[in-house]
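Engineer: Okay, handing you the structure first.
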Amino acid sequence: MSDQITFTIDGVEVKGKAGQTIIQAADEAGIYIPRLCYHPELAPHGSCRVCTVIVNGKPQTACTQPIAEGMIVENNTEELKEHRRNLIDMLFIEGNHFCMFCERSGNCELQAVAYELGILSPKYPYLFPKKDVDSTHPDIFLDLNRCILCGRCVSASRDVDGKGVFEFAGRSIEKKITVNADKYLKDTSLAVTDRAADVCPVGTINKKRTAFTVPIGKRLYDKKPIGSEIEKRKNKK
Amino acid sequence: MSENTQAEIRQICQSCGNDRTRIMDIVLAVQQKYGNVGDEAMNLIAKCVNCRRAEVESVVSFYAFLSKKPKGKVVIRLCNDVVDKMAGLDAVAEEFKKQLNIDFGQTTPDGKITLEYTPCIGMCDQAPAAMINDEVITYLSTDKVKEIVADIKKHYDPSKLKHRLGDGNNADELVHSCVHNGIRKKGAVIFADYKHETGLKNALAMSPAEVINEVKTARLRGRGGAGFPTGMKWQFTRDAEGGKKFIVCNADEGEPGTFKDRVILTELADMLFEGMTIAGYAIGSENGILYLRAEYNYLRKLLEKILQERKDKNLLGKNVLGKNGFNFDIKIQMGAGAYICGEETALISSCEGLRGDPKTRPPFPAQKGYLGYPTAVNNVETLCCTARILEMGAAWFAEIGLSGNTGTKLLSIAGDCKLPGVYEFPFGIKVNDMLKEVGADDAQAVLIGGPSGQIIGSNDYNRSISYDDLATGGAVVVFGPERDIIEITAQYMEFFVEESCGYCTPCRVGNVLLKKYLDKILAGKGEPQDLDAMQQLGESIKVTSRCGLGQTSPNPVLTTLKNFRKIYESKVKKSADGMQPTFDIRKALKDAEAIANRNSVIFTK
């Protein structure tokens, strides 16, 4: 096949298709590259930077970098793991995350990636910012204390639901998610069946009356660490 | 909102063709007219240009010169760059507060005057400086502040402020500013006399491929600091498929300490526009955009007049200079106060009427840039160099400077030196020689390339200005022996904290953390392990950031840690009792005590 591309990740040969990004080819090959903002159904955002890999000696995000013949990718190195831990730490301390009370605990991708990388508590000082909670919508509440600005809701609402309920506002450490209304989520066209209501990796977009329905021990990442569903593909091959 | 206001806003949108990609022009006009872009205005604009309200809000909330909350009719923006602080900013700031009886970030109770800080406005050689609406006022003193405030309170019209006029075109009636050019040293490429139209005529006598070849042979590299070969960039853009093509001039010089493009825009706009026209011919583009930083809005009318003159002379427009089939025009796109827009893909986003977020690469602008069309983004000085190369020939140009770093470099030099201003040196000049020329014999440190470059000490003064040694977009700041290097580093980090677009984690959060470490050290609470923590954090930010801002923002910390380590080591000490020196039990208890409505009887101190 002419559009097949062969490259290596940590010395392992990987075959992908032209037009794929590193993360797409790696996922198919059963190689897990830690990530947060990336969602396979949505356009890559490249904001969390957790999937940073070294491509032919240069740092690139695996979710945005197209594969090329003979490309040498480093993924599971001590140096990259340290950078990733630092990024995860930053995401924790810039928000207000209380895993023990959070309804997303056990199903949270941020928490799961942190555990996967061996983080038990962040090493940086907490910033304790003041963030908004919007519970005006009948079916969904928005808790910006836990937002990691991954942009999944922005793309899903715009590109999948065709609504554009969410958007980014502000800049620097003040950057936040805003809704397409003067003030409140209730004044947007968001519906609980929207894709945008389902893609949040953390506990920012929450469906009301669904919290704590799964007991501890049976939650998604209680059973298997994040990434194992990808690595399973490798064992099958 | 009154019907009249609604009609006016509709009119503004209509004058921009109700075009969603021109939201920047629309919101800037609304901001200027009403002092803010409020909820109703955002809803109306969204309706007119057929986009979502949240999209308008995402733009308005991004740029420093736009605001949802009402601002005064007069907005005083005092530049709080490091150099201004060195020149006595604090006293000037206090005087503004006293005269207006408000703090920074506030508006007078009558709603007429707003007082704010703003980062480097490109006036470091005449600091402290401020922008009062679009008027630039330089060499501020406490006496001058008294006069200005009294004067403004008479008419609330900054254009009526009395001041002396600067030199050259600063005195032109369309500019009417007190800024002076401060050209200290003229070199062969930029400041030597330029025979107008010669470069363009020579270019039009060649094929576009030959023009690109000429720029390649001259070995010209981008003057913004990264040093990418200009001919190669033009070649990529020319070769890219995609119908229309664009040439964009990056006149958003925002690197703290730089002001050399200000002087080119004031005095050499014709040469710049000629360079853009040559570039347009070379890459096969009919459209040029000059992205002008909001801080240089005072130059806009002059630039527009010069563009009109060039159209009248057929130096722009249809069949330029009779060259059949070569049509080229230039429009000015105003910025709205965002350092990040100096990054080429963020600049393109801004031109498209979006937040100034950098774009994901690939694709690169040469493949897919402005509105998806192949686009070459060049620095102001680079484009002037191309005009000169086409006038004098590649061989002439390549003889100047060093073999891998041909030509000259404009340096904006300010800080602790006798002769601040703009200097044109051939590439390869040693820092020592540069310091001698500017009258700085006792420099403790020199910032080369602005805070995104490096802060060097005397051990490195024998090094030279070039892409292979000390690369720079042109900002040089000299620090005398009495300056506090850590304090300066913290101030530069504060700048990056404010100017990060917030898109990616490391730049958005990491810079805040670096600043926190520096503040801890400055407060006398630093510990030895903080230095290693800063080093590691800085490296993570550099490696993982999405664009050039985050990839260079830790440089003030990393280069001072390397070059001034002894200063850091003298400021940190091991905690005597093994406890965290930053932990303040009183502060930690404050909120709980407020809720309980009583104070702890145990932890009283």
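For the structure tokens, the naming scheme is as follows: chains receive sequential letters (A, B, ...) according to their order of presentation, residues are indexed from 1 within each chain, and ligands are indexed from 1 in presentation order.
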What are the nearest atom pairs, with distances in Å to one decimal, for all residues of chain B that come at most 10 Å from chain A, using only C-alpha atoms, set out by chain and rising residue number as JSON lines?
Structural biologist:
```
{"residue": "B:Gly38", "atom": "CA", "partner": "A:Asp182", "partner_atom": "CA", "distance": 9.8}
{"residue": "B:Asp39", "atom": "CA", "partner": "A:Asp182", "partner_atom": "CA", "distance": 6.3}
{"residue": "B:Glu40", "atom": "CA", "partner": "A:Asp182", "partner_atom": "CA", "distance": 8.5}
{"residue": "B:Met42", "atom": "CA", "partner": "A:Asp182", "partner_atom": "CA", "distance": 9.2}
{"residue": "B:Asn43", "atom": "CA", "partner": "A:Asp182", "partner_atom": "CA", "distance": 8.3}
{"residue": "B:Cys51", "atom": "CA", "partner": "A:Gly164", "partner_atom": "CA", "distance": 9.8}
{"residue": "B:Arg52", "atom": "CA", "partner": "A:Asn180", "partner_atom": "CA", "distance": 6.8}
{"residue": "B:Arg53", "atom": "CA", "partner": "A:Asn180", "partner_atom": "CA", "distance": 5.9}
{"residue": "B:Ala54", "atom": "CA", "partner": "A:Asn180", "partner_atom": "CA", "distance": 4.6}
{"residue": "B:Glu55", "atom": "CA", "partner": "A:Glu167", "partner_atom": "CA", "distance": 6.7}
{"residue": "B:Val56", "atom": "CA", "partner": "A:Ala169", "partner_atom": "CA", "distance": 9.5}
{"residue": "B:Glu57", "atom": "CA", "partner": "A:Ala169", "partner_atom": "CA", "distance": 6.6}
{"residue": "B:Ser58", "atom": "CA", "partner": "A:Ala169", "partner_atom": "CA", "distance": 4.3}
{"residue": "B:Val59", "atom": "CA", "partner": "A:Ala169", "partner_atom": "CA", "distance": 7.4}
{"residue": "B:Val60", "atom": "CA", "partner": "A:Gly170", "partner_atom": "CA", "distance": 8.2}
{"residue": "B:Ser61", "atom": "CA", "partner": "A:Gly170", "partner_atom": "CA", "distance": 4.6}
{"residue": "B:Phe62", "atom": "CA", "partner": "A:Gly170", "partner_atom": "CA", "distance": 4.8}
{"residue": "B:Tyr63", "atom": "CA", "partner": "A:Gly170", "partner_atom": "CA", "distance": 8.2}
{"residue": "B:Ala64", "atom": "CA", "partner": "A:Arg171", "partner_atom": "CA", "distance": 9.6}
{"residue": "B:Ala338", "atom": "CA", "partner": "A:Arg171", "partner_atom": "CA", "distance": 9.8}
{"residue": "B:Arg355", "atom": "CA", "partner": "A:Ala169", "partner_atom": "CA", "distance": 8.8}
{"residue": "B:Gly356", "atom": "CA", "partner": "A:Arg171", "partner_atom": "CA", "distance": 9.4}
{"residue": "B:Asp357", "atom": "CA", "partner": "A:Arg171", "partner_atom": "CA", "distance": 9.4}
{"residue": "B:Lys359", "atom": "CA", "partner": "A:His45", "partner_atom": "CA", "distance": 9.7}
{"residue": "B:Thr360", "atom": "CA", "partner": "A:Thr64", "partner_atom": "CA", "distance": 7.3}
{"residue": "B:Arg361", "atom": "CA", "partner": "A:Thr64", "partner_atom": "CA", "distance": 7.7}
{"residue": "B:Pro362", "atom": "CA", "partner": "A:Gln65", "partner_atom": "CA", "distance": 7.2}
{"residue": "B:Pro363", "atom": "CA", "partner": "A:Gln65", "partner_atom": "CA", "distance": 9.8}
{"residue": "B:Phe496", "atom": "CA", "partner": "A:Ser172", "partner_atom": "CA", "distance": 8.8}
{"residue": "B:Val497", "atom": "CA", "partner": "A:Ser172", "partner_atom": "CA", "distance": 6.5}
{"residue": "B:Glu498", "atom": "CA", "partner": "A:Ser172", "partner_atom": "CA", "distance": 5.9}
{"residue": "B:Glu499", "atom": "CA", "partner": "A:Ser172", "partner_atom": "CA", "distance": 6.4}
{"residue": "B:Ser500", "atom": "CA", "partner": "A:Ser172", "partner_atom": "CA", "distance": 4.7}
{"residue": "B:Cys501", "atom": "CA", "partner": "A:Arg171", "partner_atom": "CA", "distance": 4.9}
{"residue": "B:Gly502", "atom": "CA", "partner": "A:Ser172", "partner_atom": "CA", "distance": 4.0}
{"residue": "B:Tyr503", "atom": "CA", "partner": "A:Ser47", "partner_atom": "CA", "distance": 5.8}
{"residue": "B:Cys504", "atom": "CA", "partner": "A:Ser47", "partner_atom": "CA", "distance": 4.3}
{"residue": "B:Thr505", "atom": "CA", "partner": "A:Cys48", "partner_atom": "CA", "distance": 5.3}
{"residue": "B:Pro506", "atom": "CA", "partner": "A:Leu87", "partner_atom": "CA", "distance": 6.3}
{"residue": "B:Cys507", "atom": "CA", "partner": "A:Ser172", "partner_atom": "CA", "distance": 8.3}
{"residue": "B:Arg508", "atom": "CA", "partner": "A:Ile173", "partner_atom": "CA", "distance": 5.4}
{"residue": "B:Val509", "atom": "CA", "partner": "A:Met90", "partner_atom": "CA", "distance": 6.0}
{"residue": "B:Gly510", "atom": "CA", "partner": "A:Met90", "partner_atom": "CA", "distance": 6.9}
{"residue": "B:Asn511", "atom": "CA", "partner": "A:Ile173", "partner_atom": "CA", "distance": 9.4}
{"residue": "B:Val512", "atom": "CA", "partner": "A:Ile173", "partner_atom": "CA", "distance": 7.8}
{"residue": "B:Leu513", "atom": "CA", "partner": "A:Tyr124", "partner_atom": "CA", "distance": 7.6}
{"residue": "B:Lys516", "atom": "CA", "partner": "A:Pro125", "partner_atom": "CA", "distance": 8.9}
{"residue": "B:Tyr517", "atom": "CA", "partner": "A:Pro125", "partner_atom": "CA", "distance": 9.8}
{"residue": "B:Ala533", "atom": "CA", "partner": "A:Tyr124", "partner_atom": "CA", "distance": 9.5}
{"residue": "B:Gln536", "atom": "CA", "partner": "A:His83", "partner_atom": "CA", "distance": 8.7}
{"residue": "B:Leu537", "atom": "CA", "partner": "A:Asn86", "partner_atom": "CA", "distance": 7.3}
{"residue": "B:Glu539", "atom": "CA", "partner": "A:His83", "partner_atom": "CA", "distance": 8.4}
{"residue": "B:Ser540", "atom": "CA", "partner": "A:His83", "partner_atom": "CA", "distance": 5.3}
{"residue": "B:Ile541", "atom": "CA", "partner": "A:His83", "partner_atom": "CA", "distance": 8.4}
{"residue": "B:Lys542", "atom": "CA", "partner": "A:Pro59", "partner_atom": "CA", "distance": 9.6}
{"residue": "B:Val543", "atom": "CA", "partner": "A:Pro59", "partner_atom": "CA", "distance": 6.3}
{"residue": "B:Thr544", "atom": "CA", "partner": "A:Arg49", "partner_atom": "CA", "distance": 6.1}
{"residue": "B:Ser545", "atom": "CA", "partner": "A:Arg49", "partner_atom": "CA", "distance": 7.2}
{"residue": "B:Arg546", "atom": "CA", "partner": "A:Ser47", "partner_atom": "CA", "distance": 7.5}
```
Engineer: For region 17-28 of chain A, please output as a compact mmCIF listing (two decimals) with N, CA and C atoms, in the first residue's frame all residues within 8 Å (counting only C-alpha atoms; exclusion window: fewer than 6 positions along the same chain).
Structural biologist:
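Resulting contents of out.txt:
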```txt
# COMPACT_ATOMS: atom_id res chain seq x y z
N ASP A 3 0.09 4.42 0.64
CA ASP A 3 -0.08 5.47 1.64
C ASP A 3 0.27 4.98 3.05
N GLN A 4 0.95 3.84 3.12
CA GLN A 4 1.37 3.36 4.44
C GLN A 4 2.68 4.04 4.84
N ILE A 5 2.74 4.46 6.08
CA ILE A 5 3.92 5.15 6.57
C ILE A 5 4.49 4.38 7.75
N PRO A 40 -10.71 11.66 20.23
CA PRO A 40 -10.62 11.13 18.87
C PRO A 40 -11.70 11.65 17.91
N ALA A 62 1.86 15.06 20.01
CA ALA A 62 1.49 13.89 19.20
C ALA A 62 0.11 14.04 18.59
N CYS A 63 -0.75 14.86 19.20
CA CYS A 63 -2.11 15.00 18.69
C CYS A 63 -2.19 15.90 17.46
N THR A 64 -1.15 16.72 17.23
CA THR A 64 -1.21 17.63 16.09
C THR A 64 -0.18 17.31 15.01
N GLN A 65 0.84 16.55 15.34
CA GLN A 65 1.95 16.33 14.40
C GLN A 65 1.62 15.16 13.46
N PRO A 66 1.59 15.43 12.15
CA PRO A 66 1.34 14.33 11.20
C PRO A 66 2.53 13.37 11.17
N ILE A 67 2.25 12.11 10.90
CA ILE A 67 3.34 11.14 10.82
C ILE A 67 4.06 11.27 9.48
N ALA A 68 5.32 10.87 9.47
CA ALA A 68 6.10 10.92 8.24
C ALA A 68 7.01 9.70 8.21
N ILE A 230 -6.22 1.25 25.28
CA ILE A 230 -5.40 1.41 24.06
C ILE A 230 -4.34 0.32 24.01
N GLU A 231 -3.69 0.09 25.13
CA GLU A 231 -2.61 -0.89 25.15
C GLU A 231 -3.12 -2.31 24.89
N ARG A 233 -5.03 -3.15 22.61
CA ARG A 233 -5.00 -3.40 21.16
C ARG A 233 -3.68 -4.04 20.74
```
Engineer: Using only C-alpha atoms, which residues sit within 8 Å of Asp10 (chain A) once same-chain residues fewer than 3 positions away are excluded, as a ChimeraX atom specification?
Structural biologist: /A:72-76
Engineer: What's the 6 Å shell around region 129-142 of chain A, counting only C-alpha atoms, without same-chain residues fewer than 6 positions away, as a PyMOL selection string?
Structural biologist: chain A and resi 185-186+204-208
Engineer: Generate a file of the selected residues that holds N, CA and C atoms, formatted as a PDB file, in the first residue's frame.
Structural biologist:
```pdb
ATOM      1  N   LEU A 185     -25.935  29.747  31.469  1.00  0.00           N
ATOM      2  CA  LEU A 185     -26.049  28.544  30.641  1.00  0.00           C
ATOM      3  C   LEU A 185     -27.510  28.255  30.265  1.00  0.00           C
ATOM      4  N   LYS A 186     -28.421  28.614  31.146  1.00  0.00           N
ATOM      5  CA  LYS A 186     -29.850  28.352  30.874  1.00  0.00           C
ATOM      6  C   LYS A 186     -30.326  29.109  29.631  1.00  0.00           C
ATOM      7  N   THR A 204     -16.182  19.519  34.976  1.00  0.00           N
ATOM      8  CA  THR A 204     -16.670  20.874  34.704  1.00  0.00           C
ATOM      9  C   THR A 204     -18.091  20.871  34.151  1.00  0.00           C
ATOM     10  N   ILE A 205     -18.335  20.046  33.149  1.00  0.00           N
ATOM     11  CA  ILE A 205     -19.699  19.955  32.610  1.00  0.00           C
ATOM     12  C   ILE A 205     -20.330  18.687  33.175  1.00  0.00           C
ATOM     13  N   ASN A 206     -21.308  18.862  34.031  1.00  0.00           N
ATOM     14  CA  ASN A 206     -21.889  17.727  34.761  1.00  0.00           C
ATOM     15  C   ASN A 206     -23.384  17.631  34.523  1.00  0.00           C
ATOM     16  N   LYS A 207     -23.857  16.408  34.346  1.00  0.00           N
ATOM     17  CA  LYS A 207     -25.299  16.205  34.208  1.00  0.00           C
ATOM     18  C   LYS A 207     -25.896  16.095  35.601  1.00  0.00           C
ATOM     19  N   LYS A 208     -26.930  16.865  35.813  1.00  0.00           N
ATOM     20  CA  LYS A 208     -27.573  16.846  37.128  1.00  0.00           C
ATOM     21  C   LYS A 208     -28.238  15.479  37.378  1.00  0.00           C
TER      22      LYS A 208
END
```
Engineer: As a PyMOL selection string, please: every residue in region 19-260 of chain B that a backbone DSSP assignment puts in alpha helix (DSSP H).
Structural biologist: chain B and resi 23-34+39-49+53-60+82-86+89-100+142-155+198-204+208-217+230-239+260
Engineer: Could you tell me how far CA of Tyr291 (chain B) sits from CA of Asp252 (chain B), in Å to one decimal place?
Structural biologist: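 Going from CA of Asp252 (chain B) over to CA of Tyr291 (chain B), I get 6.5 Å.
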Engineer: With a distance cut-off of 9 Å and only C-alpha atoms, select the neighbouring residues of Arg22 (chain B), excluding the residue or stretch itself and same-chain residues fewer than 3 positions from it, and output the selection as a ChimeraX atom specification.
Structural biologist: /B:13,16-19,25-27,49,351-354
Engineer: Within region 298-394 of chain B, find each residue whose DSSP state, derived from the backbone, is strand (DSSP E), and express the selection as an mmCIF file with C-alpha atoms, in the first residue's frame.
Structural biologist:
```cif
data_model
loop_
_atom_site.group_PDB
_atom_site.id
_atom_site.type_symbol
_atom_site.label_atom_id
_atom_site.label_comp_id
_atom_site.auth_asym_id
_atom_site.auth_seq_id
_atom_site.Cartn_x
_atom_site.Cartn_y
_atom_site.Cartn_z
ATOM 1 C CA ASP B 329 -2.540 46.990 -2.705
ATOM 2 C CA ILE B 330 -1.797 47.416 0.988
ATOM 3 C CA LYS B 331 -4.270 47.823 3.824
ATOM 4 C CA ILE B 332 -3.608 48.587 7.458
ATOM 5 C CA GLN B 333 -4.949 46.265 10.124
ATOM 6 C CA MET B 334 -4.900 47.738 13.615
ATOM 7 C CA THR B 375 0.916 33.939 3.470
ATOM 8 C CA ALA B 376 4.375 35.357 4.049
ATOM 9 C CA VAL B 377 4.754 37.290 7.297
ATOM 10 C CA ASN B 378 7.815 39.520 7.413
ATOM 11 C CA ASN B 379 9.232 41.954 9.914
#
```
Engineer: Would you write out, as a tab-separated table, a table of all residues in region 163-244 of chain B that have an atom no more than 9 Å from an atom of region 129-141 of chain B, listing for each the closest atom pair and the distance in Å to one decimal, considering only C-alpha atoms and ordering rows by chain and rising residue number?
Structural biologist:
```
residue	atom	partner	partner_atom	distance
B:His163	CA	B:Ile137	CA	8.3
B:His176	CA	B:Glu135	CA	8.8
B:Ser177	CA	B:Val136	CA	6.7
B:Cys178	CA	B:Ile137	CA	6.5
B:Val179	CA	B:Thr138	CA	6.6
```
